[in-house]
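query-v8.cif (mmCIF, C-alpha atoms and all ligand atoms) appears below.
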data_data
loop_
_atom_site.group_PDB
_atom_site.id
_atom_site.type_symbol
_atom_site.label_atom_id
_atom_site.label_comp_id
_atom_site.auth_asym_id
_atom_site.auth_seq_id
_atom_site.Cartn_x
_atom_site.Cartn_y
_atom_site.Cartn_z
ATOM 1 C CA MET A 106 0.000 0.000 0.000
ATOM 2 C CA SER A 107 1.781 3.179 -1.102
ATOM 3 C CA GLU A 108 -0.983 5.779 -1.385
ATOM 4 C CA THR A 109 -4.560 6.005 -0.214
ATOM 5 C CA GLU A 110 -7.219 8.615 -0.679
ATOM 6 C CA VAL A 111 -8.889 7.922 2.645
ATOM 7 C CA SER A 112 -12.076 9.823 1.812
ATOM 8 C CA GLY A 113 -13.125 13.347 1.037
ATOM 9 C CA THR A 114 -10.249 15.760 1.028
ATOM 10 C CA LEU A 115 -7.643 13.975 3.161
ATOM 11 C CA ARG A 116 -4.961 12.043 1.305
ATOM 12 C CA ILE A 117 -2.403 9.844 3.004
ATOM 13 C CA ARG A 118 0.788 9.036 1.158
ATOM 14 C CA ARG A 119 4.420 8.143 1.768
ATOM 15 C CA MET A 120 6.646 11.054 2.784
ATOM 16 C CA GLN A 121 9.100 12.266 0.137
ATOM 17 C CA SER A 122 12.349 14.214 0.402
ATOM 18 C CA GLU A 123 10.627 17.328 -0.969
ATOM 19 C CA ASP A 124 8.278 17.268 2.025
ATOM 20 C CA LEU A 125 11.091 17.613 4.559
ATOM 21 C CA PRO A 126 10.976 21.409 5.090
ATOM 22 C CA GLN A 127 7.227 21.254 5.848
ATOM 23 C CA VAL A 128 7.658 18.115 7.939
ATOM 24 C CA PHE A 129 10.330 19.801 10.009
ATOM 25 C CA GLU A 130 8.155 22.900 10.553
ATOM 26 C CA LEU A 131 5.213 20.784 11.621
ATOM 27 C CA ASP A 132 7.372 18.831 14.039
ATOM 28 C CA ARG A 133 8.770 22.032 15.529
ATOM 29 C CA SER A 134 5.273 23.406 16.076
ATOM 30 C CA SER A 135 4.211 20.199 17.843
ATOM 31 C CA PHE A 136 7.005 19.128 20.194
ATOM 32 C CA SER A 137 9.154 20.699 22.888
ATOM 33 C CA LEU A 138 11.968 18.396 21.715
ATOM 34 C CA PRO A 139 11.578 18.349 17.913
ATOM 35 C CA TRP A 140 13.697 16.047 15.796
ATOM 36 C CA PRO A 141 16.523 17.723 13.876
ATOM 37 C CA GLU A 142 15.859 17.866 10.132
ATOM 38 C CA ARG A 143 18.659 15.356 9.549
ATOM 39 C CA SER A 144 16.768 12.806 11.647
ATOM 40 C CA PHE A 145 13.782 12.920 9.316
ATOM 41 C CA ARG A 146 16.131 12.674 6.342
ATOM 42 C CA PHE A 147 17.773 9.635 7.906
ATOM 43 C CA GLU A 148 14.408 7.974 8.555
ATOM 44 C CA LEU A 149 13.287 8.660 5.028
ATOM 45 C CA GLU A 150 16.425 7.849 3.089
ATOM 46 C CA ASN A 151 18.556 5.508 5.192
ATOM 47 C CA ASN A 152 16.596 3.661 7.828
ATOM 48 C CA GLU A 153 15.368 0.450 6.247
ATOM 49 C CA VAL A 154 12.916 -0.333 9.044
ATOM 50 C CA SER A 155 11.301 3.094 8.870
ATOM 51 C CA ARG A 156 8.025 3.966 7.153
ATOM 52 C CA CYS A 157 7.188 7.657 6.930
ATOM 53 C CA TRP A 158 3.757 8.934 5.964
ATOM 54 C CA VAL A 159 2.120 12.330 5.569
ATOM 55 C CA ALA A 160 -1.520 13.398 5.434
ATOM 56 C CA GLU A 161 -2.441 16.290 3.236
ATOM 57 C CA LEU A 162 -5.623 18.219 2.665
ATOM 58 C CA LEU A 163 -6.669 18.599 -0.932
ATOM 59 C CA SER A 164 -8.704 21.485 -2.219
ATOM 60 C CA GLU A 165 -9.926 22.199 -5.723
ATOM 61 C CA SER A 166 -7.849 25.353 -5.837
ATOM 62 C CA GLY A 167 -4.352 25.550 -4.496
ATOM 63 C CA ALA A 168 -1.613 23.139 -3.589
ATOM 64 C CA PRO A 169 -2.151 20.236 -1.175
ATOM 65 C CA LEU A 170 -1.560 21.255 2.416
ATOM 66 C CA LEU A 171 0.594 18.950 4.540
ATOM 67 C CA VAL A 172 -1.190 18.671 7.899
ATOM 68 C CA ALA A 173 0.134 15.547 9.621
ATOM 69 C CA ILE A 174 3.084 13.190 9.811
ATOM 70 C CA ILE A 175 3.818 9.776 11.236
ATOM 71 C CA VAL A 176 7.006 7.726 11.378
ATOM 72 C CA VAL A 177 6.935 4.066 12.383
ATOM 73 C CA TRP A 178 9.602 1.404 12.656
ATOM 74 C CA MET A 179 8.868 -2.110 11.506
ATOM 75 C CA ILE A 180 10.783 -4.347 13.904
ATOM 76 C CA ALA A 181 10.160 -8.080 13.468
ATOM 77 C CA ASP A 182 6.384 -8.445 13.806
ATOM 78 C CA GLU A 183 5.971 -5.184 15.772
ATOM 79 C CA VAL A 184 5.253 -1.683 14.554
ATOM 80 C CA HIS A 185 6.737 1.013 16.793
ATOM 81 C CA VAL A 186 5.204 4.488 16.502
ATOM 82 C CA ALA A 187 8.253 6.768 16.580
ATOM 83 C CA THR A 188 6.458 10.083 16.035
ATOM 84 C CA LEU A 189 2.999 11.370 15.168
ATOM 85 C CA ALA A 190 1.880 14.990 14.884
ATOM 86 C CA VAL A 191 -0.939 17.036 13.435
ATOM 87 C CA SER A 192 -0.565 20.700 12.586
ATOM 88 C CA PRO A 193 -2.026 22.722 15.520
ATOM 89 C CA ALA A 194 -4.636 24.476 13.367
ATOM 90 C CA TYR A 195 -6.037 21.158 12.129
ATOM 91 C CA ARG A 196 -6.407 19.165 15.335
ATOM 92 C CA ARG A 197 -9.610 17.475 16.581
ATOM 93 C CA GLN A 198 -10.714 16.617 13.049
ATOM 94 C CA LYS A 199 -9.835 12.916 13.282
ATOM 95 C CA ILE A 200 -6.718 13.401 11.158
ATOM 96 C CA ALA A 201 -4.402 11.639 13.633
ATOM 97 C CA GLN A 202 -6.911 8.855 14.022
ATOM 98 C CA ARG A 203 -7.143 8.271 10.287
ATOM 99 C CA LEU A 204 -3.400 8.535 9.756
ATOM 100 C CA LEU A 205 -2.634 6.109 12.588
ATOM 101 C CA ALA A 206 -5.264 3.650 11.350
ATOM 102 C CA HIS A 207 -3.893 3.801 7.825
ATOM 103 C CA THR A 208 -0.342 3.249 9.067
ATOM 104 C CA LEU A 209 -1.239 0.315 11.320
ATOM 105 C CA ILE A 210 -3.294 -1.319 8.558
ATOM 106 C CA ASP A 211 -0.349 -0.973 6.191
ATOM 107 C CA ALA A 212 1.909 -2.517 8.843
ATOM 108 C CA TYR A 213 -0.592 -5.319 9.434
ATOM 109 C CA HIS A 214 -0.535 -6.184 5.741
ATOM 110 C CA SER A 215 3.270 -6.321 5.982
ATOM 111 C CA GLY A 216 3.116 -8.855 8.802
ATOM 112 C CA ALA A 217 2.952 -6.759 11.966
ATOM 113 C CA ASN A 218 0.718 -8.183 14.665
ATOM 114 C CA SER A 219 1.372 -5.760 17.524
ATOM 115 C CA SER A 220 2.301 -2.140 18.098
ATOM 116 C CA PHE A 221 3.983 -0.148 20.828
ATOM 117 C CA LEU A 222 4.983 3.433 21.530
ATOM 118 C CA GLU A 223 6.176 5.855 24.200
ATOM 119 C CA VAL A 224 4.192 8.917 25.182
ATOM 120 C CA ARG A 225 4.761 11.649 27.756
ATOM 121 C CA ARG A 226 2.841 11.059 30.946
ATOM 122 C CA SER A 227 1.263 14.547 30.650
ATOM 123 C CA ASN A 228 0.173 14.124 27.006
ATOM 124 C CA GLN A 229 -3.480 13.412 27.663
ATOM 125 C CA ALA A 230 -4.525 14.150 24.066
ATOM 126 C CA ALA A 231 -2.251 11.470 22.659
ATOM 127 C CA ILE A 232 -2.952 8.979 25.461
ATOM 128 C CA THR A 233 -6.692 9.317 24.858
ATOM 129 C CA LEU A 234 -6.184 8.812 21.134
ATOM 130 C CA TYR A 235 -4.095 5.678 21.695
ATOM 131 C CA GLN A 236 -6.518 4.269 24.262
ATOM 132 C CA ARG A 237 -9.287 4.598 21.679
ATOM 133 C CA PHE A 238 -7.349 2.212 19.474
ATOM 134 C CA GLY A 239 -6.938 -0.200 22.374
ATOM 135 C CA TYR A 240 -3.356 0.616 23.401
ATOM 136 C CA ARG A 241 -2.741 -0.169 27.085
ATOM 137 C CA GLU A 242 -0.094 1.078 29.472
ATOM 138 C CA VAL A 243 2.467 -1.665 30.031
ATOM 139 C CA ALA A 244 5.436 0.115 31.646
ATOM 140 C CA VAL A 245 6.859 3.456 32.707
ATOM 141 C CA ARG A 246 10.262 4.695 31.579
ATOM 142 C CA ARG A 247 11.402 7.061 34.318
ATOM 143 C CA ASN A 248 12.923 10.440 33.358
ATOM 144 C CA TYR A 249 12.773 9.497 29.687
ATOM 145 C CA TYR A 250 12.499 12.995 28.161
ATOM 146 C CA LYS A 251 15.624 15.121 28.358
ATOM 147 C CA ASP A 252 14.015 18.580 28.402
ATOM 148 C CA ASN A 253 12.053 18.146 31.653
ATOM 149 C CA GLN A 254 12.894 14.607 32.833
ATOM 150 C CA GLU A 255 9.282 13.626 32.303
ATOM 151 C CA ASP A 256 8.374 9.945 32.447
ATOM 152 C CA ALA A 257 7.333 8.080 29.311
ATOM 153 C CA ILE A 258 4.425 5.692 29.353
ATOM 154 C CA LEU A 259 5.079 2.612 27.232
ATOM 155 C CA MET A 260 1.859 1.525 25.531
ATOM 156 C CA ASP A 261 1.160 -1.683 23.711
ATOM 157 C CA LEU A 262 -1.554 -2.801 21.270
ATOM 158 C CA ALA A 263 -1.748 -6.533 20.675
ATOM 159 C CA PRO A 264 -2.852 -8.168 18.581
ATOM 160 C CA LEU A 265 -3.537 -5.774 15.699
ATOM 161 C CA ASN A 266 -7.134 -6.354 14.692
ATOM 162 C CA LEU A 267 -7.880 -5.382 11.105
ATOM 163 C CA GLU A 268 -11.623 -4.944 11.544
ATOM 164 C CA ASN A 269 -11.092 -2.750 14.590
ATOM 165 C CA LEU A 270 -8.511 -0.608 12.789
ATOM 166 C CA LYS A 271 -10.800 -0.112 9.803
ATOM 167 C CA ARG A 272 -13.329 1.594 12.086
ATOM 168 C CA PHE A 273 -10.888 4.505 12.495
ATOM 169 C CA GLN A 274 -10.113 5.139 8.828
HETATM 170 C C1 LIG A 301 -2.065 13.997 19.749
HETATM 171 C C2 LIG A 301 -2.418 14.544 18.347
HETATM 172 C C3 LIG A 301 -1.565 13.811 17.312
HETATM 173 C C4 LIG A 301 -3.911 14.267 18.080
HETATM 174 O O1 LIG A 301 -4.196 14.713 16.752
HETATM 175 P P1 LIG A 301 -5.685 15.067 16.293
HETATM 176 O O2 LIG A 301 -5.753 15.013 14.820
HETATM 177 O O3 LIG A 301 -6.138 16.327 16.951
HETATM 178 O O4 LIG A 301 -6.526 13.865 16.931
HETATM 179 P P2 LIG A 301 -7.927 13.309 16.408
HETATM 180 O O5 LIG A 301 -8.800 14.449 15.965
HETATM 181 O O6 LIG A 301 -7.702 12.207 15.446
HETATM 182 O O7 LIG A 301 -8.506 12.727 17.774
HETATM 183 C C5 LIG A 301 -9.112 11.447 17.871
HETATM 184 C C6 LIG A 301 -9.511 11.224 19.311
HETATM 185 O O8 LIG A 301 -8.363 11.292 20.170
HETATM 186 C C7 LIG A 301 -8.704 11.962 21.398
HETATM 187 N N1 LIG A 301 -8.103 13.302 21.464
HETATM 188 C C8 LIG A 301 -7.393 13.933 20.514
HETATM 189 N N2 LIG A 301 -6.985 15.145 20.959
HETATM 190 C C9 LIG A 301 -7.461 15.256 22.222
HETATM 191 C C10 LIG A 301 -7.387 16.288 23.203
HETATM 192 N N3 LIG A 301 -6.730 17.440 22.972
HETATM 193 N N4 LIG A 301 -7.959 16.072 24.391
HETATM 194 C C11 LIG A 301 -8.624 14.924 24.654
HETATM 195 N N5 LIG A 301 -8.762 13.902 23.750
HETATM 196 C C12 LIG A 301 -8.175 14.090 22.556
HETATM 197 C C13 LIG A 301 -10.217 12.112 21.361
HETATM 198 O O9 LIG A 301 -10.788 10.902 21.836
HETATM 199 C C14 LIG A 301 -10.452 12.276 19.870
HETATM 200 O O10 LIG A 301 -11.761 12.001 19.472
HETATM 201 P P3 LIG A 301 -12.912 13.140 19.629
HETATM 202 O O11 LIG A 301 -12.391 14.381 18.936
HETATM 203 O O12 LIG A 301 -14.102 12.516 18.955
HETATM 204 O O13 LIG A 301 -13.081 13.378 21.093
HETATM 205 C C15 LIG A 301 -2.201 16.089 18.282
HETATM 206 O O14 LIG A 301 -2.820 16.705 19.394
HETATM 207 C C16 LIG A 301 -0.745 16.503 18.223
HETATM 208 O O15 LIG A 301 -0.144 16.569 17.146
HETATM 209 N N6 LIG A 301 -0.134 16.801 19.403
HETATM 210 C C17 LIG A 301 1.269 17.232 19.464
HETATM 211 C C18 LIG A 301 2.210 16.105 19.094
HETATM 212 C C19 LIG A 301 1.996 14.880 19.956
HETATM 213 O O16 LIG A 301 1.794 14.963 21.152
HETATM 214 N N7 LIG A 301 2.044 13.693 19.306
HETATM 215 C C20 LIG A 301 1.921 12.416 19.985
HETATM 216 C C21 LIG A 301 3.266 11.978 20.445
HETATM 217 S S1 LIG A 301 3.191 10.437 21.310
#

Could you render the structure from this file as structure tokens?
Amino acid sequence: MSETEVSGTLRIRRMQSEDLPQVFELDRSSFSLPWPERSFRFELENNEVSRCWVAELLSESGAPLLVAIIVVWMIADEVHVATLAVSPAYRRQKIAQRLLAHTLIDAYHSGANSSFLEVRRSNQAAITLYQRFGYREVAVRRNYYKDNQEDAILMDLAPLNLENLKRFQ
């Protein structure tokens, strides 16, 4: 699966090198510890286990607008969500939900049967989103984030259930 028009005006496709300036801006507007631009370039061009996706809004006039990104790592039969962000002006429109569902379904078709991720303890928006999918807290990584020594919650979703994931597309 390389490109999907999910429905309406949101299109999900693989990230390309030309997207990197917008990807970097979006990341910077979303995280207190954004990835350096070279990290995204590495994920996109060098990391063989990485899959990078973007969501863009299409309108009849004008260029597509990149509004969300996700990077996952395919490790054995697990898909690890490395980063996920939606542009601040476009949140609460189910864009993250649709992008995550698309990404997990793609991973499922490639043989993944579980998923895990780390999230800041204080990030209630993301935790609520992940819980909707069925992710559960399985461990705490103390002082995981370097900017404020915040704990990370390790969350796990197993097994991946295709019919359940399709509900979020
Ligand atoms: C977390 C994030 C990706 C959610 O993106 P989004 O497109 O706004 O999320 P969605 O609209 O798909 O939300 C789906 C559901 O998740 C939950 N949710 C999302 N944002 C929420 C919020 N701010 N507060 C409470 N629940 C929230 C809700 O259950 C929501 O459904 P609802 O709108 O019907 O209540 C976005 O807030 C973001 O980019 N945050 C900064 C980066 C970040 O924290 N990424 C996650 C790193 S682990």

Expansion of the PyMOL selection byres (((chain A and resi 187-194) around 6) and not hetatm) into residues, as a PyMOL selection string: chain A and resi 131+172-177+185-186+195-196

If you take only C-alpha atoms and all ligand atoms and a cut-off of 6 Å, which residues of chain A touch ligand LIG 301 (chain A), and what are their nearest atom pairs and distances in Å to one decimal, in chain and number order, as a Markdown table?
| residue | atom | partner | partner_atom | distance |
| --- | --- | --- | --- | --- |
| A:Ser135 | CA | A:LIG301 | C17 | 4.5 |
| A:Phe136 | CA | A:LIG301 | C18 | 5.8 |
| A:Thr188 | CA | A:LIG301 | C21 | 5.8 |
| A:Leu189 | CA | A:LIG301 | N7 | 4.8 |
| A:Ala190 | CA | A:LIG301 | O15 | 3.4 |
| A:Val191 | CA | A:LIG301 | O15 | 3.8 |
| A:Arg196 | CA | A:LIG301 | O3 | 3.3 |
| A:Arg197 | CA | A:LIG301 | O5 | 3.2 |
| A:Gln198 | CA | A:LIG301 | O5 | 4.1 |
| A:Lys199 | CA | A:LIG301 | O6 | 3.1 |
| A:Ile200 | CA | A:LIG301 | O2 | 4.1 |
| A:Ala201 | CA | A:LIG301 | O6 | 3.8 |
| A:Gln202 | CA | A:LIG301 | O6 | 3.7 |
| A:Val224 | CA | A:LIG301 | S1 | 4.3 |
| A:Ala230 | CA | A:LIG301 | C9 | 3.6 |
| A:Ala231 | CA | A:LIG301 | C1 | 3.9 |
| A:Thr233 | CA | A:LIG301 | C7 | 4.8 |
| A:Leu234 | CA | A:LIG301 | O8 | 3.4 |

Written file, previous selection with C-alpha atoms, as a compact mmCIF listing (two decimals), in the frame of the given file:
# COMPACT_ATOMS: atom_id res chain seq x y z
CA SER A 135 4.21 20.20 17.84
CA PHE A 136 7.00 19.13 20.19
CA THR A 188 6.46 10.08 16.04
CA LEU A 189 3.00 11.37 15.17
CA ALA A 190 1.88 14.99 14.88
CA VAL A 191 -0.94 17.04 13.44
CA ARG A 196 -6.41 19.16 15.34
CA ARG A 197 -9.61 17.48 16.58
CA GLN A 198 -10.71 16.62 13.05
CA LYS A 199 -9.84 12.92 13.28
CA ILE A 200 -6.72 13.40 11.16
CA ALA A 201 -4.40 11.64 13.63
CA GLN A 202 -6.91 8.86 14.02
CA VAL A 224 4.19 8.92 25.18
CA ALA A 230 -4.53 14.15 24.07
CA ALA A 231 -2.25 11.47 22.66
CA THR A 233 -6.69 9.32 24.86
CA LEU A 234 -6.18 8.81 21.13

Edge lengths and centre in Å to one decimal, as lines of an AutoDock Vina configuration file, is what I'm after for the box along x, y and z that holds all listed atoms of range 205-221 of chain A once 5 Å is added on each side.
center_x = -0.6
center_y = -1.4
center_z = 13.3
size_x = 19.2
size_y = 25.0
size_z = 25.1

For the PyMOL selection byres (((chain A and resi 274) around 8) and not hetatm), applied here, can you spell out every residue it catches as an MDAnalysis selection string? chainID A and resid 111 202:204 206:207 270:273

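The shortest atom-to-atom distance to Gln236 in chain A, with all atoms listed in the file taken into account, belongs to A:Asp261 out of A:Asp261, A:Asp252, A:Glu223, A:Glu150.
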
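Counting from CA of Trp140 in chain A, the distance to CA of Gln127 in chain A is 13.0 Å.
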
Which one is closest to Arg156 in chain A: A:Lys251, A:Arg118, A:Arg143, A:Arg241? Count all atoms listed in the file.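 Using all atoms listed in the file, the shortest distance to Arg156 in chain A belongs to A:Arg118.
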
Taking only C-alpha atoms into account, name the residue in A:Asn151, A:Gln254, A:Ser164, A:Ser144 that is nearest to Thr114 in chain A. A:Ser164

Counting all atoms listed in the file, the option among A:Tyr250, A:Tyr235, A:Phe147, A:Phe221 closest to Leu205 in chain A: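 Checking each of A:Tyr250, A:Tyr235, A:Phe147, A:Phe221 against Leu205 in chain A, counting all atoms listed in the file, the winner is A:Tyr235.
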
Figure out the distance between CA of Arg225 in chain A and CA of Arg116 in chain A, please, to one decimal in Å.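 Interatomic distance, CA of Arg116 in chain A to CA of Arg225 in chain A: 28.2 Å.
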
Have a look at CA of Arg247 in chain A and CA of Arg226 in chain A and let me know their distance in Å, one decimal. 10.0 Å

Evaluate the PyMOL selection byres (((chain A and resi 171) around 8) and not hetatm) against this structure - the residues, as a PyMOL selection string, please. chain A and resi 127-128+159-162+169-170+172-173

Find the residue from A:Ser219, A:Gly167, A:Ile210, A:Glu142 that sits nearest to Leu125 in chain A; use only C-alpha atoms when measuring. A:Glu142

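Proximity of A:Ala168, A:Ala257, A:Leu209, A:Cys157 to Asp182 in chain A, computed with all atoms listed in the file, is greatest for A:Leu209.
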
Would you kindly return, as a PDB file with C-alpha atoms, in the coordinates of the input, each protein, DNA or RNA residue with an atom no farther than 9 Å from any atom of Phe129 in chain A, considering all atoms listed in the file and excluding same-chain residues fewer than 5 positions away?
ATOM      1  CA  ASP A 124       8.278  17.268   2.025  1.00  0.00           C
ATOM      2  CA  SER A 134       5.273  23.406  16.076  1.00  0.00           C
ATOM      3  CA  PRO A 139      11.578  18.349  17.913  1.00  0.00           C
ATOM      4  CA  TRP A 140      13.697  16.047  15.796  1.00  0.00           C
ATOM      5  CA  PRO A 141      16.523  17.723  13.876  1.00  0.00           C
ATOM      6  CA  GLU A 142      15.859  17.866  10.132  1.00  0.00           C
ATOM      7  CA  PHE A 145      13.782  12.920   9.316  1.00  0.00           C
TER       8      PHE A 145
END

Pull C-alpha atoms for range 144-195 of chain A from the block and write them as an mmCIF file, in the first residue's frame.
data_model
loop_
_atom_site.group_PDB
_atom_site.id
_atom_site.type_symbol
_atom_site.label_atom_id
_atom_site.label_comp_id
_atom_site.auth_asym_id
_atom_site.auth_seq_id
_atom_site.Cartn_x
_atom_site.Cartn_y
_atom_site.Cartn_z
ATOM 1 C CA SER A 144 16.768 12.806 11.647
ATOM 2 C CA PHE A 145 13.782 12.920 9.316
ATOM 3 C CA ARG A 146 16.131 12.674 6.342
ATOM 4 C CA PHE A 147 17.773 9.635 7.906
ATOM 5 C CA GLU A 148 14.408 7.974 8.555
ATOM 6 C CA LEU A 149 13.287 8.660 5.028
ATOM 7 C CA GLU A 150 16.425 7.849 3.089
ATOM 8 C CA ASN A 151 18.556 5.508 5.192
ATOM 9 C CA ASN A 152 16.596 3.661 7.828
ATOM 10 C CA GLU A 153 15.368 0.450 6.247
ATOM 11 C CA VAL A 154 12.916 -0.333 9.044
ATOM 12 C CA SER A 155 11.301 3.094 8.870
ATOM 13 C CA ARG A 156 8.025 3.966 7.153
ATOM 14 C CA CYS A 157 7.188 7.657 6.930
ATOM 15 C CA TRP A 158 3.757 8.934 5.964
ATOM 16 C CA VAL A 159 2.120 12.330 5.569
ATOM 17 C CA ALA A 160 -1.520 13.398 5.434
ATOM 18 C CA GLU A 161 -2.441 16.290 3.236
ATOM 19 C CA LEU A 162 -5.623 18.219 2.665
ATOM 20 C CA LEU A 163 -6.669 18.599 -0.932
ATOM 21 C CA SER A 164 -8.704 21.485 -2.219
ATOM 22 C CA GLU A 165 -9.926 22.199 -5.723
ATOM 23 C CA SER A 166 -7.849 25.353 -5.837
ATOM 24 C CA GLY A 167 -4.352 25.550 -4.496
ATOM 25 C CA ALA A 168 -1.613 23.139 -3.589
ATOM 26 C CA PRO A 169 -2.151 20.236 -1.175
ATOM 27 C CA LEU A 170 -1.560 21.255 2.416
ATOM 28 C CA LEU A 171 0.594 18.950 4.540
ATOM 29 C CA VAL A 172 -1.190 18.671 7.899
ATOM 30 C CA ALA A 173 0.134 15.547 9.621
ATOM 31 C CA ILE A 174 3.084 13.190 9.811
ATOM 32 C CA ILE A 175 3.818 9.776 11.236
ATOM 33 C CA VAL A 176 7.006 7.726 11.378
ATOM 34 C CA VAL A 177 6.935 4.066 12.383
ATOM 35 C CA TRP A 178 9.602 1.404 12.656
ATOM 36 C CA MET A 179 8.868 -2.110 11.506
ATOM 37 C CA ILE A 180 10.783 -4.347 13.904
ATOM 38 C CA ALA A 181 10.160 -8.080 13.468
ATOM 39 C CA ASP A 182 6.384 -8.445 13.806
ATOM 40 C CA GLU A 183 5.971 -5.184 15.772
ATOM 41 C CA VAL A 184 5.253 -1.683 14.554
ATOM 42 C CA HIS A 185 6.737 1.013 16.793
ATOM 43 C CA VAL A 186 5.204 4.488 16.502
ATOM 44 C CA ALA A 187 8.253 6.768 16.580
ATOM 45 C CA THR A 188 6.458 10.083 16.035
ATOM 46 C CA LEU A 189 2.999 11.370 15.168
ATOM 47 C CA ALA A 190 1.880 14.990 14.884
ATOM 48 C CA VAL A 191 -0.939 17.036 13.435
ATOM 49 C CA SER A 192 -0.565 20.700 12.586
ATOM 50 C CA PRO A 193 -2.026 22.722 15.520
ATOM 51 C CA ALA A 194 -4.636 24.476 13.367
ATOM 52 C CA TYR A 195 -6.037 21.158 12.129
#
